[in-house]
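A.B. asks: The structure under discussion is supplied below as structure tokens; questions concerning it will follow.
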Amino acid sequence: MTALELSPRRLAWQRRRRALGRSWGQYRRHGPGMIGLGVLAAVVAMALAAPVISNEDELRPHLAESPAWQTPGEHPPLGTDNFGRSVWAQFVWGSRISLLVGLAATLIAIVIGSLVGVLAGFYRGLGSALLQRLTDWFLVIPFLPLAIVLAAILGPSVQNLILVIGITSWPGTARLVRAQVLTLRERPYVERSRALGASNRHVMGTHVLPSVSPIILANLTLTVPIAILSETTLSFLGLGDPTRASWGKMLDEAFRAGALTREAWWYFLPPGLGIMAVVLAFTLVGSALEEILDPRLRERRPG
């Protein structure tokens, strides 16, 4: 079947598949990006396999049967905490909550930020000005105090953590998307589409959103580590869900139990390294995607 015999929609899908294939080929040649992707794949696999590789009952203090403060050599692989609970079980099950909060909060932030950015950049008038002022207001207020106040008001739970981080992390995405939409709005093909009678909805759906989607995707991978660090911070301050294990909650409980003074490194080091690894991995993936989607960055890369 020739290109002339294909329907416009089918032809568009073929072009998108070829573009995705080229992008994946470029990504595979990006060493740091592949390392980050491998780390993320390993962490996600561990989180999904948590019921298989660890017993959830080991998270409950009243069911712990091992002595407290056992070293990894005495209770492999990561020893026990001050209640005799397995640190390995907390680490494995905690990865689920940390990833869940990071990804879900990022999704909320990206949706809100993209919607506000597209509307504020595409339309003119009072509505656009109000959206821009709202974005500036969220940017002016320090993130951490606002998140602490909201988390304290809503109460400690995973759902509230996701909501708090999501609704306080969108302004950066909104400003980035708005700046891109402002340039797209004046492009000749957009003006030509309007001159032919296309509605604003058609212009946004056909020209604006596909053009800003790569930027939104790259920004998504760079926002996840911020959300994970935010969850760690709020959980360390005691604003996380007290009934669910997370890496931030592990650090908080290790600090309260005096693991530092006892030199019980096996309690606080694994969650700290896990957070660092995931944050760095998302950053590497985001940087690789940004370089692939922005030809100017690709040209500056040495070699």
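Labeling convention for the structure tokens: chains A, B, ... as they appear, residues from 1 per chain, ligands from 1 in order of appearance.
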Using only C-alpha atoms, which protein or nucleic acid residues come within 8 Å of range 52-54 of chain A? Drop anything in the same chain fewer than 5 positions from it, and give the result as a PyMOL selection string.

C.D. replies: chain A and resi 88-89+92

A.B. asks: Given the selection you just returned, output its residues as a file containing N, CA, C and O atoms, formatted as a PDB file, in the first residue's frame.

C.D. replies:
```
ATOM      1  N   TRP A  88      15.283  -4.640  55.701  1.00  0.00           N
ATOM      2  CA  TRP A  88      15.089  -5.008  54.298  1.00  0.00           C
ATOM      3  C   TRP A  88      13.613  -4.925  53.912  1.00  0.00           C
ATOM      4  O   TRP A  88      13.266  -4.412  52.843  1.00  0.00           O
ATOM      5  N   ALA A  89      12.736  -5.422  54.766  1.00  0.00           N
ATOM      6  CA  ALA A  89      11.298  -5.355  54.476  1.00  0.00           C
ATOM      7  C   ALA A  89      10.838  -3.906  54.392  1.00  0.00           C
ATOM      8  O   ALA A  89      10.051  -3.543  53.510  1.00  0.00           O
ATOM      9  N   VAL A  92      12.134  -2.432  51.043  1.00  0.00           N
ATOM     10  CA  VAL A  92      11.425  -2.920  49.848  1.00  0.00           C
ATOM     11  C   VAL A  92      10.029  -2.337  49.773  1.00  0.00           C
ATOM     12  O   VAL A  92       9.608  -1.802  48.733  1.00  0.00           O
TER      13      VAL A  92
END
```

A.B. asks: Pick out the residues sitting within 12 Å of range 179-182 of chain A, and hand them over as an MDAnalysis selection string; count only C-alpha atoms, and ignore anything fewer than 2 positions along from it in its own chain.

C.D. replies: chainID A and resid 114:124 128 132 172:177 184:187 190 203:204 207:216

A.B. asks: Please identify all polymer residues within 12 Å of range 104-107 of chain A, counting only C-alpha atoms, omitting same-chain residues fewer than 2 positions from it, and present them as a short mmCIF file (atom, residue, chain, number, x, y, z; two decimals) with C-alpha atoms, in the first residue's frame.

C.D. replies:
```
data_model
loop_
_atom_site.label_atom_id
_atom_site.label_comp_id
_atom_site.auth_asym_id
_atom_site.auth_seq_id
_atom_site.Cartn_x
_atom_site.Cartn_y
_atom_site.Cartn_z
CA ARG A 96 6.46 1.38 46.73
CA ILE A 97 5.20 4.40 48.65
CA SER A 98 8.07 6.65 47.62
CA LEU A 99 7.59 5.81 43.93
CA LEU A 100 3.80 6.02 44.19
CA VAL A 101 3.87 9.45 45.82
CA GLY A 102 6.53 10.72 43.42
CA ALA A 109 1.48 18.73 38.91
CA ILE A 110 2.04 18.11 35.19
CA VAL A 111 -1.69 18.07 34.40
CA ILE A 112 -2.36 21.29 36.32
CA GLY A 113 0.78 23.02 35.05
CA SER A 114 0.19 22.02 31.43
CA VAL A 158 -0.50 8.90 51.43
CA GLN A 159 -3.40 10.46 49.52
CA ASN A 160 -2.93 13.80 51.25
CA LEU A 161 0.82 13.71 50.61
CA ILE A 162 0.18 13.16 46.90
CA LEU A 163 -2.35 16.00 46.83
CA VAL A 164 -0.14 18.44 48.76
CA ILE A 165 2.95 17.82 46.64
CA GLY A 166 0.94 17.84 43.40
CA ILE A 167 -0.84 21.16 43.99
CA THR A 168 2.34 22.91 45.11
CA SER A 169 4.67 21.65 42.34
CA TRP A 170 2.91 22.77 39.14
CA PRO A 171 4.00 26.45 38.69
CA GLY A 172 7.36 25.61 37.09
CA THR A 173 5.67 23.47 34.46
CA ILE A 216 6.01 18.24 28.99
CA LEU A 217 7.42 14.71 28.79
CA ASN A 219 9.75 18.08 32.37
CA LEU A 220 7.77 15.16 33.81
CA THR A 221 10.88 13.04 34.31
CA LEU A 222 12.64 16.01 35.91
CA THR A 223 9.72 16.72 38.27
CA VAL A 224 9.50 13.19 39.70
CA PRO A 225 12.75 13.50 41.72
CA ILE A 226 11.53 16.78 43.20
CA ALA A 227 8.30 15.07 44.27
CA ILE A 228 10.22 12.14 45.80
CA LEU A 229 12.47 14.52 47.74
CA SER A 230 9.39 16.43 48.89
CA GLU A 231 7.80 13.21 50.14
#
```

A.B. asks: With only C-alpha atoms as the atoms that count, which of A:Leu196, A:Ala218, A:Leu154, A:Leu269 lies nearest to Glu290 in chain A?

C.D. replies: A:Ala218

A.B. asks: Using only C-alpha atoms, which protein or nucleic acid residues come within 12 Å of Ala259 in chain A? Drop anything in the same chain fewer than 3 positions from it, and give the result as a PDB file with N, CA, C and O atoms, in the first residue's frame.

C.D. replies:
```
ATOM      1  N   ALA A  68      16.332  -6.553  68.648  1.00  0.00           N
ATOM      2  CA  ALA A  68      16.524  -5.210  68.111  1.00  0.00           C
ATOM      3  C   ALA A  68      17.995  -4.954  67.798  1.00  0.00           C
ATOM      4  O   ALA A  68      18.893  -5.557  68.386  1.00  0.00           O
ATOM      5  N   TRP A  69      18.218  -4.074  66.846  1.00  0.00           N
ATOM      6  CA  TRP A  69      19.551  -3.584  66.468  1.00  0.00           C
ATOM      7  C   TRP A  69      20.507  -4.705  66.054  1.00  0.00           C
ATOM      8  O   TRP A  69      21.688  -4.665  66.356  1.00  0.00           O
ATOM      9  N   GLN A  70      20.000  -5.684  65.363  1.00  0.00           N
ATOM     10  CA  GLN A  70      20.895  -6.704  64.815  1.00  0.00           C
ATOM     11  C   GLN A  70      21.553  -6.174  63.538  1.00  0.00           C
ATOM     12  O   GLN A  70      20.917  -5.521  62.718  1.00  0.00           O
ATOM     13  N   THR A  71      22.814  -6.481  63.372  1.00  0.00           N
ATOM     14  CA  THR A  71      23.553  -6.037  62.195  1.00  0.00           C
ATOM     15  C   THR A  71      23.165  -6.882  60.981  1.00  0.00           C
ATOM     16  O   THR A  71      22.543  -7.947  61.134  1.00  0.00           O
ATOM     17  N   THR A  80      18.124  -5.339  61.638  1.00  0.00           N
ATOM     18  CA  THR A  80      16.833  -4.991  62.231  1.00  0.00           C
ATOM     19  C   THR A  80      16.918  -3.599  62.856  1.00  0.00           C
ATOM     20  O   THR A  80      17.995  -3.060  63.091  1.00  0.00           O
ATOM     21  N   ASP A  81      15.737  -3.049  63.158  1.00  0.00           N
ATOM     22  CA  ASP A  81      15.682  -1.718  63.770  1.00  0.00           C
ATOM     23  C   ASP A  81      15.504  -1.834  65.274  1.00  0.00           C
ATOM     24  O   ASP A  81      15.707  -2.910  65.867  1.00  0.00           O
ATOM     25  N   ASN A  82      15.087  -0.753  65.916  1.00  0.00           N
ATOM     26  CA  ASN A  82      14.957  -0.745  67.373  1.00  0.00           C
ATOM     27  C   ASN A  82      13.783  -1.582  67.861  1.00  0.00           C
ATOM     28  O   ASN A  82      13.688  -1.886  69.059  1.00  0.00           O
ATOM     29  N   MET A 250      11.377   5.904  57.057  1.00  0.00           N
ATOM     30  CA  MET A 250      12.502   5.155  57.616  1.00  0.00           C
ATOM     31  C   MET A 250      13.564   6.107  58.181  1.00  0.00           C
ATOM     32  O   MET A 250      14.099   5.888  59.281  1.00  0.00           O
ATOM     33  N   LEU A 251      13.879   7.162  57.445  1.00  0.00           N
ATOM     34  CA  LEU A 251      14.857   8.130  57.926  1.00  0.00           C
ATOM     35  C   LEU A 251      14.368   8.827  59.195  1.00  0.00           C
ATOM     36  O   LEU A 251      15.143   9.058  60.135  1.00  0.00           O
ATOM     37  N   ASP A 252      13.090   9.148  59.232  1.00  0.00           N
ATOM     38  CA  ASP A 252      12.517   9.791  60.420  1.00  0.00           C
ATOM     39  C   ASP A 252      12.584   8.867  61.626  1.00  0.00           C
ATOM     40  O   ASP A 252      13.004   9.276  62.726  1.00  0.00           O
ATOM     41  N   GLU A 253      12.200   7.606  61.444  1.00  0.00           N
ATOM     42  CA  GLU A 253      12.220   6.665  62.570  1.00  0.00           C
ATOM     43  C   GLU A 253      13.651   6.327  62.991  1.00  0.00           C
ATOM     44  O   GLU A 253      13.920   6.144  64.186  1.00  0.00           O
ATOM     45  N   ALA A 254      14.567   6.257  62.033  1.00  0.00           N
ATOM     46  CA  ALA A 254      15.967   6.009  62.381  1.00  0.00           C
ATOM     47  C   ALA A 254      16.527   7.160  63.202  1.00  0.00           C
ATOM     48  O   ALA A 254      17.274   6.948  64.184  1.00  0.00           O
ATOM     49  N   PHE A 255      16.165   8.375  62.838  1.00  0.00           N
ATOM     50  CA  PHE A 255      16.638   9.544  63.592  1.00  0.00           C
ATOM     51  C   PHE A 255      16.041   9.556  64.996  1.00  0.00           C
ATOM     52  O   PHE A 255      16.744   9.819  65.988  1.00  0.00           O
ATOM     53  N   ARG A 256      14.744   9.284  65.099  1.00  0.00           N
ATOM     54  CA  ARG A 256      14.093   9.280  66.412  1.00  0.00           C
ATOM     55  C   ARG A 256      14.624   8.153  67.303  1.00  0.00           C
ATOM     56  O   ARG A 256      14.690   8.313  68.535  1.00  0.00           O
ATOM     57  N   ARG A 262      23.992   5.295  67.780  1.00  0.00           N
ATOM     58  CA  ARG A 262      24.311   3.869  67.920  1.00  0.00           C
ATOM     59  C   ARG A 262      25.189   3.361  66.779  1.00  0.00           C
ATOM     60  O   ARG A 262      25.606   2.196  66.814  1.00  0.00           O
ATOM     61  N   GLU A 263      25.424   4.210  65.794  1.00  0.00           N
ATOM     62  CA  GLU A 263      26.181   3.825  64.598  1.00  0.00           C
ATOM     63  C   GLU A 263      25.529   2.643  63.881  1.00  0.00           C
ATOM     64  O   GLU A 263      26.209   1.780  63.321  1.00  0.00           O
ATOM     65  N   ALA A 264      24.205   2.635  63.906  1.00  0.00           N
ATOM     66  CA  ALA A 264      23.448   1.595  63.195  1.00  0.00           C
ATOM     67  C   ALA A 264      23.243   2.045  61.756  1.00  0.00           C
ATOM     68  O   ALA A 264      22.132   2.392  61.328  1.00  0.00           O
ATOM     69  N   TRP A 265      24.328   2.037  61.006  1.00  0.00           N
ATOM     70  CA  TRP A 265      24.300   2.548  59.645  1.00  0.00           C
ATOM     71  C   TRP A 265      23.336   1.789  58.753  1.00  0.00           C
ATOM     72  O   TRP A 265      22.828   2.323  57.760  1.00  0.00           O
ATOM     73  N   TRP A 266      23.083   0.527  59.055  1.00  0.00           N
ATOM     74  CA  TRP A 266      22.218  -0.285  58.192  1.00  0.00           C
ATOM     75  C   TRP A 266      20.754   0.157  58.245  1.00  0.00           C
ATOM     76  O   TRP A 266      19.950  -0.281  57.416  1.00  0.00           O
ATOM     77  N   TYR A 267      20.419   1.053  59.210  1.00  0.00           N
ATOM     78  CA  TYR A 267      19.037   1.527  59.316  1.00  0.00           C
ATOM     79  C   TYR A 267      18.810   2.780  58.470  1.00  0.00           C
ATOM     80  O   TYR A 267      17.793   2.891  57.775  1.00  0.00           O
ATOM     81  N   PHE A 268      19.739   3.731  58.493  1.00  0.00           N
ATOM     82  CA  PHE A 268      19.517   4.986  57.782  1.00  0.00           C
ATOM     83  C   PHE A 268      20.212   5.053  56.420  1.00  0.00           C
ATOM     84  O   PHE A 268      19.817   5.841  55.561  1.00  0.00           O
ATOM     85  N   LEU A 269      21.226   4.227  56.202  1.00  0.00           N
ATOM     86  CA  LEU A 269      21.960   4.307  54.935  1.00  0.00           C
ATOM     87  C   LEU A 269      21.169   3.759  53.741  1.00  0.00           C
ATOM     88  O   LEU A 269      21.154   4.395  52.673  1.00  0.00           O
TER      89      LEU A 269
END
```

A.B. asks: Report the distance between CA of Phe83 in chain A and CA of Pro61 in chain A in Å, rounded to one decimal place.

C.D. replies: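 That distance, rounded to one decimal, is 5.8 Å.
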
A.B. asks: Quick check, in Å to one decimal: how far apart do CA of Gly248 in chain A and CA of Pro271 in chain A lie?

C.D. replies: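 Rounded to one decimal, the two atoms are 7.4 Å apart.
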
A.B. asks: CA of Arg201 in chain A and CA of Gly127 in chain A, how far apart in Å?

C.D. replies: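 Going from CA of Gly127 in chain A over to CA of Arg201 in chain A, I get 16.4 Å.
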
A.B. asks: May I ask which of the residues A:Val39, A:Gly125, A:Pro76, A:Leu234 is the closest one to Leu150 in chain A, counting only C-alpha atoms?

C.D. replies: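 Closest to Leu150 in chain A of all the choices is A:Leu234.
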